[in-house]
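Colleague: Quick one: the structure is below, and I'll ask about it shortly.
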Amino acid sequence: MSNSVPEISRRVALGTMATAGLAFVAFGPRGTPEQVGNRLVLEYWEKWTGHEAAAMQRIIDAFNDSQDRIYVRFFSMSGIDQKSMIAIAGGKPPDIIGLWNFNIPAYAESGAIEPLDELAEAAGIRRDRYVESLWPLLTHRGRLYSAVSTCGSVAMFYNRSILRDAGLDPERPPRTIEELDDMSERLTIREGDGRLRRVGFMQSHPGWWLWQWGYHFGGNLLDQEANEVLADSAENVAGYEWVARTAERFGGRNAETFRSGFGAYSSPQNAFLEGRVAMVQQGPWLANVIDAFRPDMDYAVAPFPVAESVYGDGSPAGLLDADVLVIPKGAKDPEASMEFIAFVQREEHIASLSAAHCKNAPLRDMPESFYANHKHRFVRVHDAIANSPRAYHFPRTRAWPQYQDAMHTAFYSVWSGRSSPLAALEGVKESVQARLDDIEHKRSLREGVGT
């Protein structure tokens with residue numbers, strides 16, 4: 001596999017590199033000299049900080065101690081997707097990058113990362129080791145471009161004490177959207193003037209995945225084969241109609257005033273920890289926040305409810321997200337980079353990294369000790385979602401950032417009452433479909449020129 005400087009269009013460099021970007025390429029992280037003998041030094045850029053970065057540093061230390069040929073040097077940074085693309089286009093890439101899985105289509109189509117099929121096969125990285133729904137997150141157009149570092153599925157955390165105090169059974173969380181609405185209303189407390197003091201559940205909190213409600217009504221956002229945007233499908237409209245009903249019940253402005261008083265996610269003032277929100281959609285990492293600030297909290301986790309019309313087969317639905325490792329074009333020795341990535345894939349390292357991040361593991365079969373020692377006592381719920389045929393993920397398109405922004409804009413337009421769900425989602429369909437058509441047209445031209 002070639003390790004030459006990539007033929008990423010210079011338009012990428014010129015369009016992406018402002019003065020600060022050029023300075024980053026010239027003077028960005030290169031570390032301080034270290035005595036590493038005659039080892040090949042690989043630079044690994046990652047987005048994690050704090051305990052998450054420390055967990056990966058322990059694996060890096062173990063790798064560096066395990067042999068005397070390669071030395072991995074770790075750099076943690078913000079804005080990693082933009083900085084990495086700038087460095088690759090400028091001919092100064094690191095050797096390994098930790099990205100989000102939704103970055104893969106844009107990086108792959110830009111020629112910014114190496115396809116890993118052959119390297120992965122040689123390293124023993126096989127699809128059958130991993131949770132089935134995870135593999136598509138690592139690929140693009142049928143080729144493998146990344147390996148997983150961690151993954152997490154999104155579920156519903158609920159405060160058992162609040163349910164119990166309201167006369168509800170804390171052992172029976174809502175299973176359908178209809179049950180969730182009923183329970184939410186019973187858990188909501190309003191002041192005499194109508195102001196909210198506590199809500200059962202509100203779709204605008206935490207506001208991280210405002211695009212995905214249609215999936216819980218049996219929908220999807222993209223027909224990958226037809227390259228068709230499905231934002232205005234009946235299922236997605238039903239999801240946003242549910243949002244509109246909730247906003248009307250709470251009073252959209254009233255709800256946003258209430259939400260504006262929430263504290264930071266990773267703090268004791270987290271709205272769920274404070275009891276201001278009784279039920280919240282979150283990933284397994286919330287258990288780390290609870291453990292840090294409210295270790296005595298009486299909570300539980302269940303799959304997020306689905307519409308009654310699609311409930312019944314016993315398969316939980318939920319978003320599966322993943323952090324991934326890639327090898328950029330221009331990396332000095334892709335085989336050496338893959339040697340480190342394969343080291344991370346070992347069961348013991350996947351287990352320690354997943355446990356430290358308080359996430360479910362990406363491997364199909366984990367030892368019982370992983371669950372017995374895990375800080376998140378409900379991690380098996382996230383496991384079940386990840387292994388479910390109804391697990392879903394970010395649509396695999398390089399237009400996803402624009403698509404997500406459009407869906408979030410549509411959400412708040414519906415939430416505030418400025419637009420009907422159908423009109424808002426038709427607007428998304430029109431704008432994003434134009435973007436997808438343009439991308440496909442340019443891709444066809446590139447492939448045509450190359451034939």
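We name chains A, B, ... following the order of the structure tokens; residues begin at 1 in each chain, and ligands are numbered from 1 as shown.
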For segment 275-353 of chain A against segment 66-82 of chain A, with a cut-off of 9 Å and counting only C-alpha atoms, what is the closest atom pair and its distance in Å to one decimal for every residue that makes the cut, ordered by chain and number, as CSV?
Modeller:
residue,atom,partner,partner_atom,distance
A:Ala336,CA,A:Ile70,CA,7.2
A:Ser337,CA,A:Val72,CA,8.9
A:Phe340,CA,A:Val72,CA,8.0
Colleague: Determine, counting only C-alpha atoms, which protein, DNA and RNA residues have an atom within 6 Å of an atom of segment 259-276 of chain A; residues of the same chain fewer than 6 positions away are not included. Present the result as a list in words.
Modeller: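 Surrounding residues, per the criterion: Arg198, Val289 and Phe293 of chain A.
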Colleague: Output N, CA and C atoms for every residue in that selection, as a JSON list (two decimals), in the first residue's frame.
Modeller:
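Below is the file that was written, part28.json:
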[["chain", "number", "residue", "atom", "x", "y", "z"],
["A", 198, "ARG", "N", -40.33, 20.42, 36.74],
["A", 198, "ARG", "CA", -39.73, 19.14, 36.38],
["A", 198, "ARG", "C", -40.48, 18.59, 35.18],
["A", 289, "VAL", "N", -20.66, 9.99, 34.45],
["A", 289, "VAL", "CA", -21.03, 11.26, 35.08],
["A", 289, "VAL", "C", -21.78, 10.99, 36.38],
["A", 293, "PHE", "N", -20.55, 12.21, 40.18],
["A", 293, "PHE", "CA", -21.22, 13.27, 40.92],
["A", 293, "PHE", "C", -22.42, 12.82, 41.75]]
Colleague: With distances taken over only C-alpha atoms, which residue among A:Val379, A:Ile113, A:Val148, A:Ala317 lies nearest His349 of chain A?
Modeller: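 Among the listed residues, A:Val148 lies closest to His349 of chain A.
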Colleague: So which bits of segment 152-292 of chain A end up strand (DSSP E or B) when you DSSP the backbone, as a list in words?
Modeller: Gly152, Ser153, Ala155, Met156, Phe157, Tyr158, Asn159, Thr176, Ile189, Arg190, Leu196, Arg197, Arg198, Val199, Leu222, Asp223, Glu228, Val229, Val277, Met279, Val280, Gln281 and Gln282 of chain A
Colleague: Which residue is closest to Glu335 of chain A? Choose from A:Leu168, A:Val131, A:Ala386, A:Ile96 and count only C-alpha atoms.
Modeller: A:Ile96
Colleague: Using only C-alpha atoms, which of A:Tyr392, A:Trp285, A:Tyr403, A:Tyr215 sits nearest Leu134 of chain A?
Modeller: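 Selected residue with least distance to Leu134 of chain A: A:Tyr392.
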Colleague: Excluding Leu187 of chain A and residues on its chain fewer than 4 positions from it, collect all residues at most 7 Å away from it, counting only C-alpha atoms, and give them as a list of chain:residue names.
Modeller: A:Ala166, A:Met183, A:Val199, A:Gly200
Colleague: I'd like the neighbourhood of Pro421 of chain A as an NGL selection string, where a residue qualifies if any of its atoms comes within 7 Å (using only C-alpha atoms), though same-chain residues fewer than 4 positions away should be ignored.
Modeller: :A and (237 or 240-241 or 414 or 425)
Colleague: Would you export the selected residues with N, CA, C and O atoms as a PDB file, in the first residue's frame, please?
Modeller:
ATOM      1  N   VAL A 237     -42.054  12.110   9.448  1.00  0.00           N
ATOM      2  CA  VAL A 237     -43.093  13.094   9.752  1.00  0.00           C
ATOM      3  C   VAL A 237     -43.792  12.727  11.053  1.00  0.00           C
ATOM      4  O   VAL A 237     -44.044  13.582  11.907  1.00  0.00           O
ATOM      5  N   TYR A 240     -41.640  13.758  13.978  1.00  0.00           N
ATOM      6  CA  TYR A 240     -41.652  15.199  14.257  1.00  0.00           C
ATOM      7  C   TYR A 240     -43.036  15.687  14.672  1.00  0.00           C
ATOM      8  O   TYR A 240     -43.155  16.700  15.366  1.00  0.00           O
ATOM      9  N   GLU A 241     -44.089  14.970  14.284  1.00  0.00           N
ATOM     10  CA  GLU A 241     -45.426  15.284  14.826  1.00  0.00           C
ATOM     11  C   GLU A 241     -45.463  14.991  16.326  1.00  0.00           C
ATOM     12  O   GLU A 241     -46.119  15.720  17.091  1.00  0.00           O
ATOM     13  N   VAL A 414     -40.145  23.157  14.209  1.00  0.00           N
ATOM     14  CA  VAL A 414     -41.342  22.450  14.667  1.00  0.00           C
ATOM     15  C   VAL A 414     -41.560  22.675  16.158  1.00  0.00           C
ATOM     16  O   VAL A 414     -42.672  22.941  16.611  1.00  0.00           O
ATOM     17  N   LEU A 425     -39.821  19.156   7.049  1.00  0.00           N
ATOM     18  CA  LEU A 425     -39.070  18.021   6.522  1.00  0.00           C
ATOM     19  C   LEU A 425     -39.042  18.013   4.995  1.00  0.00           C
ATOM     20  O   LEU A 425     -38.084  17.516   4.395  1.00  0.00           O
TER      21      LEU A 425
END
Colleague: With DSSP run on the backbone, what are the helix (DSSP H, G or I) residues within segment 53-123 of chain A? I'd like them as number ranges by chain.
Modeller: A: 53-66, 80-89, 101-109, 117-122
Colleague: With C-alpha atoms kept, could you save the residues just selected as a compact mmCIF listing (two decimals), in the first residue's frame?
Modeller:
# COMPACT_ATOMS: atom_id res chain seq x y z
CA ALA A 53 -7.34 10.02 26.74
CA ALA A 54 -5.63 8.49 29.78
CA ALA A 55 -7.24 5.13 29.01
CA MET A 56 -5.79 5.16 25.50
CA GLN A 57 -2.41 6.32 26.79
CA ARG A 58 -2.23 3.18 28.94
CA ILE A 59 -2.73 1.05 25.83
CA ILE A 60 -0.10 3.06 23.96
CA ASP A 61 2.32 2.53 26.84
CA ALA A 62 1.64 -1.20 26.74
CA PHE A 63 2.27 -1.26 22.99
CA ASN A 64 5.50 0.70 23.30
CA ASP A 65 6.68 -1.68 26.04
CA SER A 66 5.69 -4.80 24.07
CA ILE A 80 -9.40 16.90 15.08
CA ASP A 81 -11.40 16.28 11.90
CA GLN A 82 -10.60 19.71 10.46
CA LYS A 83 -6.98 19.77 11.66
CA SER A 84 -6.34 16.29 10.30
CA MET A 85 -7.71 17.13 6.86
CA ILE A 86 -5.57 20.27 6.77
CA ALA A 87 -2.45 18.30 7.73
CA ILE A 88 -3.13 15.57 5.16
CA ALA A 89 -3.77 18.07 2.37
CA ASN A 101 -17.40 7.28 12.37
CA PHE A 102 -19.46 9.88 10.50
CA ASN A 103 -16.20 11.38 9.18
CA ILE A 104 -15.44 8.27 7.13
CA PRO A 105 -17.45 9.01 3.93
CA ALA A 106 -15.95 12.48 3.44
CA TYR A 107 -12.41 11.33 4.23
CA ALA A 108 -12.71 8.25 2.00
CA GLU A 109 -14.14 10.13 -0.98
CA ASP A 117 -9.02 -4.21 3.58
CA GLU A 118 -5.67 -5.87 2.87
CA LEU A 119 -3.90 -4.56 5.96
CA ALA A 120 -6.78 -5.58 8.20
CA GLU A 121 -6.95 -9.07 6.73
CA ALA A 122 -3.22 -9.54 7.24
Colleague: Please list as JSON, numbers by chain every residue within 8 Å of Thr150 of chain A, counting only C-alpha atoms and excluding residues in the same chain fewer than 2 positions away.
Modeller: {"A": [148, 152, 322, 323, 324, 350, 353, 354, 359, 361, 362]}
Colleague: How about saving the chosen residues, N, CA, C and O atoms kept, as a PDB file, in the first residue's frame?
Modeller:
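So again-v5.pdb came out as:
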ATOM      1  N   VAL A 148     -12.424   0.061  14.827  1.00  0.00           N
ATOM      2  CA  VAL A 148     -13.100   0.672  15.967  1.00  0.00           C
ATOM      3  C   VAL A 148     -12.132   0.855  17.140  1.00  0.00           C
ATOM      4  O   VAL A 148     -11.204   0.058  17.336  1.00  0.00           O
ATOM      5  N   GLY A 152     -20.722   2.903  21.437  1.00  0.00           N
ATOM      6  CA  GLY A 152     -21.740   3.041  22.475  1.00  0.00           C
ATOM      7  C   GLY A 152     -23.113   3.158  21.849  1.00  0.00           C
ATOM      8  O   GLY A 152     -23.279   3.816  20.818  1.00  0.00           O
ATOM      9  N   ALA A 322     -19.756   5.173  17.111  1.00  0.00           N
ATOM     10  CA  ALA A 322     -18.432   4.578  17.288  1.00  0.00           C
ATOM     11  C   ALA A 322     -17.336   5.601  17.048  1.00  0.00           C
ATOM     12  O   ALA A 322     -17.468   6.491  16.204  1.00  0.00           O
ATOM     13  N   ASP A 323     -16.266   5.467  17.811  1.00  0.00           N
ATOM     14  CA  ASP A 323     -15.011   6.164  17.542  1.00  0.00           C
ATOM     15  C   ASP A 323     -14.137   5.218  16.741  1.00  0.00           C
ATOM     16  O   ASP A 323     -14.110   4.003  17.000  1.00  0.00           O
ATOM     17  N   VAL A 324     -13.402   5.765  15.772  1.00  0.00           N
ATOM     18  CA  VAL A 324     -12.662   4.904  14.863  1.00  0.00           C
ATOM     19  C   VAL A 324     -11.218   5.370  14.710  1.00  0.00           C
ATOM     20  O   VAL A 324     -10.886   6.533  14.954  1.00  0.00           O
ATOM     21  N   ILE A 350      -9.539  -3.720  24.149  1.00  0.00           N
ATOM     22  CA  ILE A 350     -10.916  -3.260  23.890  1.00  0.00           C
ATOM     23  C   ILE A 350     -11.698  -3.239  25.192  1.00  0.00           C
ATOM     24  O   ILE A 350     -12.462  -2.303  25.474  1.00  0.00           O
ATOM     25  N   LEU A 353     -10.441  -0.254  27.455  1.00  0.00           N
ATOM     26  CA  LEU A 353     -10.837   1.033  26.893  1.00  0.00           C
ATOM     27  C   LEU A 353     -12.338   1.249  27.031  1.00  0.00           C
ATOM     28  O   LEU A 353     -12.798   2.325  27.446  1.00  0.00           O
ATOM     29  N   SER A 354     -13.129   0.229  26.704  1.00  0.00           N
ATOM     30  CA  SER A 354     -14.586   0.335  26.820  1.00  0.00           C
ATOM     31  C   SER A 354     -15.011   0.569  28.254  1.00  0.00           C
ATOM     32  O   SER A 354     -15.894   1.396  28.530  1.00  0.00           O
ATOM     33  N   LYS A 359     -18.507   2.300  28.302  1.00  0.00           N
ATOM     34  CA  LYS A 359     -19.263   1.949  27.103  1.00  0.00           C
ATOM     35  C   LYS A 359     -19.407   0.438  26.970  1.00  0.00           C
ATOM     36  O   LYS A 359     -18.661  -0.325  27.571  1.00  0.00           O
ATOM     37  N   ALA A 361     -18.980  -2.907  24.695  1.00  0.00           N
ATOM     38  CA  ALA A 361     -17.830  -3.295  23.874  1.00  0.00           C
ATOM     39  C   ALA A 361     -18.246  -3.566  22.433  1.00  0.00           C
ATOM     40  O   ALA A 361     -19.362  -4.015  22.174  1.00  0.00           O
ATOM     41  N   PRO A 362     -17.349  -3.302  21.468  1.00  0.00           N
ATOM     42  CA  PRO A 362     -17.673  -3.560  20.065  1.00  0.00           C
ATOM     43  C   PRO A 362     -17.514  -5.010  19.632  1.00  0.00           C
ATOM     44  O   PRO A 362     -17.889  -5.351  18.509  1.00  0.00           O
TER      45      PRO A 362
END
Colleague: Just the residues within 12 Å of Pro367 of chain A, please, counting only C-alpha atoms, with nothing from its chain fewer than 4 positions along; format it as a list in words.
Modeller: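 Using only C-alpha atoms, the neighbours found are Glu347, Glu348, Ile350, Ala351, Ala361, Leu363, Tyr371, Ala372, Asn373 and His374 of chain A.
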Colleague: Using only C-alpha atoms, which of A:Val277, A:Arg418, A:Ala302, A:Gly50 sits nearest Glu185 of chain A?
Modeller: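 Ranking A:Val277, A:Arg418, A:Ala302, A:Gly50 by distance to Glu185 of chain A, first place goes to A:Val277.
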Colleague: Can you work out which one of A:Cys358, A:Leu99, A:Val428, A:Ala278 has the shortest atom-to-atom distance to Arg164 of chain A, counting only C-alpha atoms?
Modeller: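 Among the listed residues, A:Ala278 lies closest to Arg164 of chain A.
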Colleague: Pick out the residues sitting within 12 Å of Arg245 of chain A, and hand them over as number ranges by chain; count only C-alpha atoms, and ignore anything fewer than 2 positions along from it in its own chain.
Modeller: A: 177-178, 181, 202-203, 238-243, 247-252, 414-417, 420-421
Colleague: Could you take the residues named above and write them with N, CA, C and O atoms, as a CSV table (one decimal), in the first residue's frame?
Modeller:
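again_29.csv, freshly written:
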chain,number,residue,atom,x,y,z
A,177,ILE,N,-43.9,4.8,22.6
A,177,ILE,CA,-44.0,6.2,22.6
A,177,ILE,C,-45.2,6.6,23.4
A,177,ILE,O,-45.2,7.6,24.2
A,178,GLU,N,-46.3,5.9,23.2
A,178,GLU,CA,-47.6,6.2,23.9
A,178,GLU,C,-47.4,6.1,25.4
A,178,GLU,O,-47.9,6.9,26.2
A,181,ASP,N,-45.3,9.0,26.7
A,181,ASP,CA,-46.0,10.3,26.8
A,181,ASP,C,-46.9,10.3,28.1
A,181,ASP,O,-46.9,11.3,28.8
A,202,MET,N,-38.3,15.3,27.5
A,202,MET,CA,-38.4,16.3,26.5
A,202,MET,C,-37.4,16.0,25.4
A,202,MET,O,-36.2,15.8,25.7
A,203,GLN,N,-37.9,16.0,24.1
A,203,GLN,CA,-37.0,15.6,23.0
A,203,GLN,C,-35.8,16.6,22.8
A,203,GLN,O,-34.8,16.3,22.2
A,238,ALA,N,-44.1,11.4,11.2
A,238,ALA,CA,-44.7,11.0,12.5
A,238,ALA,C,-43.8,11.3,13.7
A,238,ALA,O,-44.3,11.7,14.7
A,239,GLY,N,-42.5,11.1,13.5
A,239,GLY,CA,-41.6,11.4,14.6
A,239,GLY,C,-41.6,12.9,15.0
A,239,GLY,O,-41.6,13.3,16.2
A,240,TYR,N,-41.6,13.8,14.0
A,240,TYR,CA,-41.7,15.2,14.3
A,240,TYR,C,-43.0,15.7,14.7
A,240,TYR,O,-43.2,16.7,15.4
A,241,GLU,N,-44.1,15.0,14.3
A,241,GLU,CA,-45.4,15.3,14.8
A,241,GLU,C,-45.5,15.0,16.3
A,241,GLU,O,-46.1,15.7,17.1
A,242,TRP,N,-44.8,13.9,16.7
A,242,TRP,CA,-44.7,13.7,18.2
A,242,TRP,C,-43.9,14.8,18.9
A,242,TRP,O,-44.3,15.2,20.0
A,243,VAL,N,-42.9,15.3,18.3
A,243,VAL,CA,-42.2,16.5,18.8
A,243,VAL,C,-43.1,17.6,18.9
A,243,VAL,O,-43.1,18.3,20.0
A,247,ALA,N,-44.1,19.7,22.4
A,247,ALA,CA,-43.9,21.1,22.5
A,247,ALA,C,-45.2,21.9,22.9
A,247,ALA,O,-45.2,22.8,23.7
A,248,GLU,N,-46.3,21.4,22.3
A,248,GLU,CA,-47.6,22.1,22.5
A,248,GLU,C,-48.0,21.8,24.0
A,248,GLU,O,-48.5,22.7,24.7
A,249,ARG,N,-47.7,20.6,24.5
A,249,ARG,CA,-48.1,20.2,25.8
A,249,ARG,C,-47.3,21.0,26.9
A,249,ARG,O,-47.9,21.5,27.9
A,250,PHE,N,-46.0,21.2,26.6
A,250,PHE,CA,-45.2,21.9,27.5
A,250,PHE,C,-45.3,23.4,27.3
A,250,PHE,O,-45.0,24.2,28.2
A,251,GLY,N,-45.5,23.8,26.1
A,251,GLY,CA,-45.4,25.2,25.7
A,251,GLY,C,-44.0,25.4,25.2
A,251,GLY,O,-43.1,25.4,26.1
A,252,GLY,N,-43.8,25.5,23.9
A,252,GLY,CA,-42.4,25.5,23.4
A,252,GLY,C,-41.5,26.5,24.0
A,252,GLY,O,-40.4,26.1,24.5
A,414,VAL,N,-40.1,23.2,14.2
A,414,VAL,CA,-41.3,22.4,14.7
A,414,VAL,C,-41.6,22.7,16.2
A,414,VAL,O,-42.7,22.9,16.6
A,415,TRP,N,-40.5,22.6,16.9
A,415,TRP,CA,-40.6,22.7,18.4
A,415,TRP,C,-41.1,24.1,18.8
A,415,TRP,O,-41.9,24.2,19.7
A,416,SER,N,-40.7,25.1,18.0
A,416,SER,CA,-41.2,26.5,18.3
A,416,SER,C,-42.6,26.8,17.7
A,416,SER,O,-43.1,27.9,18.0
A,417,GLY,N,-43.1,25.9,16.9
A,417,GLY,CA,-44.4,26.1,16.3
A,417,GLY,C,-44.3,27.0,15.0
A,417,GLY,O,-45.3,27.4,14.5
A,420,SER,N,-44.9,23.4,10.3
A,420,SER,CA,-45.5,22.1,10.5
A,420,SER,C,-44.4,21.1,10.2
A,420,SER,O,-43.4,21.3,9.5
A,421,PRO,N,-44.6,19.9,10.8
A,421,PRO,CA,-43.6,18.8,10.6
A,421,PRO,C,-43.4,18.5,9.1
A,421,PRO,O,-42.2,18.4,8.7
Colleague: Do you have the atom CA of Lys442 of chain A-atom CA of Ala406 of chain A distance handy?
Modeller: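 These two atoms are separated by 22.0 Å.
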Colleague: Which residue out of A:Ser369, A:Thr257, A:Gln433, A:Gln212 has the minimum interatomic distance to Phe411 of chain A when only C-alpha atoms are used?
Modeller: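 Counting only C-alpha atoms, the residue closest to Phe411 of chain A is A:Gln212.
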Colleague: Which residues of segment 332-446 of chain A come within 9 Å of segment 135-140 of chain A, and for each one, what is the closest pair of atoms and their distance in Å to one decimal, counting only C-alpha atoms, sorted by chain and residue number, as CSV?
Modeller:
residue,atom,partner,partner_atom,distance
A:His393,CA,A:Leu137,CA,7.4
A:Phe394,CA,A:Leu137,CA,8.1
A:Arg396,CA,A:His140,CA,7.2
A:Thr397,CA,A:His140,CA,8.6
Colleague: Keeping only N, CA, C and O atoms, write those residues as an mmCIF file, in the first residue's frame.
Modeller:
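Contents of result_7.cif, as written:
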data_model
loop_
_atom_site.group_PDB
_atom_site.id
_atom_site.type_symbol
_atom_site.label_atom_id
_atom_site.label_comp_id
_atom_site.auth_asym_id
_atom_site.auth_seq_id
_atom_site.Cartn_x
_atom_site.Cartn_y
_atom_site.Cartn_z
ATOM 1 N N HIS A 393 -27.666 3.844 12.657
ATOM 2 C CA HIS A 393 -26.464 4.669 12.756
ATOM 3 C C HIS A 393 -26.590 5.897 11.874
ATOM 4 O O HIS A 393 -27.575 6.067 11.144
ATOM 5 N N PHE A 394 -25.592 6.762 11.940
ATOM 6 C CA PHE A 394 -25.573 7.940 11.095
ATOM 7 C C PHE A 394 -25.631 7.520 9.628
ATOM 8 O O PHE A 394 -24.910 6.604 9.218
ATOM 9 N N ARG A 396 -24.674 7.040 5.925
ATOM 10 C CA ARG A 396 -23.307 6.976 5.399
ATOM 11 C C ARG A 396 -23.173 7.833 4.149
ATOM 12 O O ARG A 396 -23.196 7.348 3.017
ATOM 13 N N THR A 397 -23.069 9.132 4.347
ATOM 14 C CA THR A 397 -22.898 10.066 3.243
ATOM 15 C C THR A 397 -21.997 11.202 3.679
ATOM 16 O O THR A 397 -22.051 11.639 4.837
#
Colleague: To one decimal in Å, tell me the separation between atom CA of Phe343 of chain A and atom CA of Ile97 of chain A.
Modeller: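 Result for atom CA of Phe343 of chain A versus atom CA of Ile97 of chain A: 15.0 Å, one decimal.
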Colleague: Which distance in Å separates atom CA of Gly283 of chain A and atom CA of Pro173 of chain A, to one decimal?
Modeller: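 It comes out at 17.0 Å.
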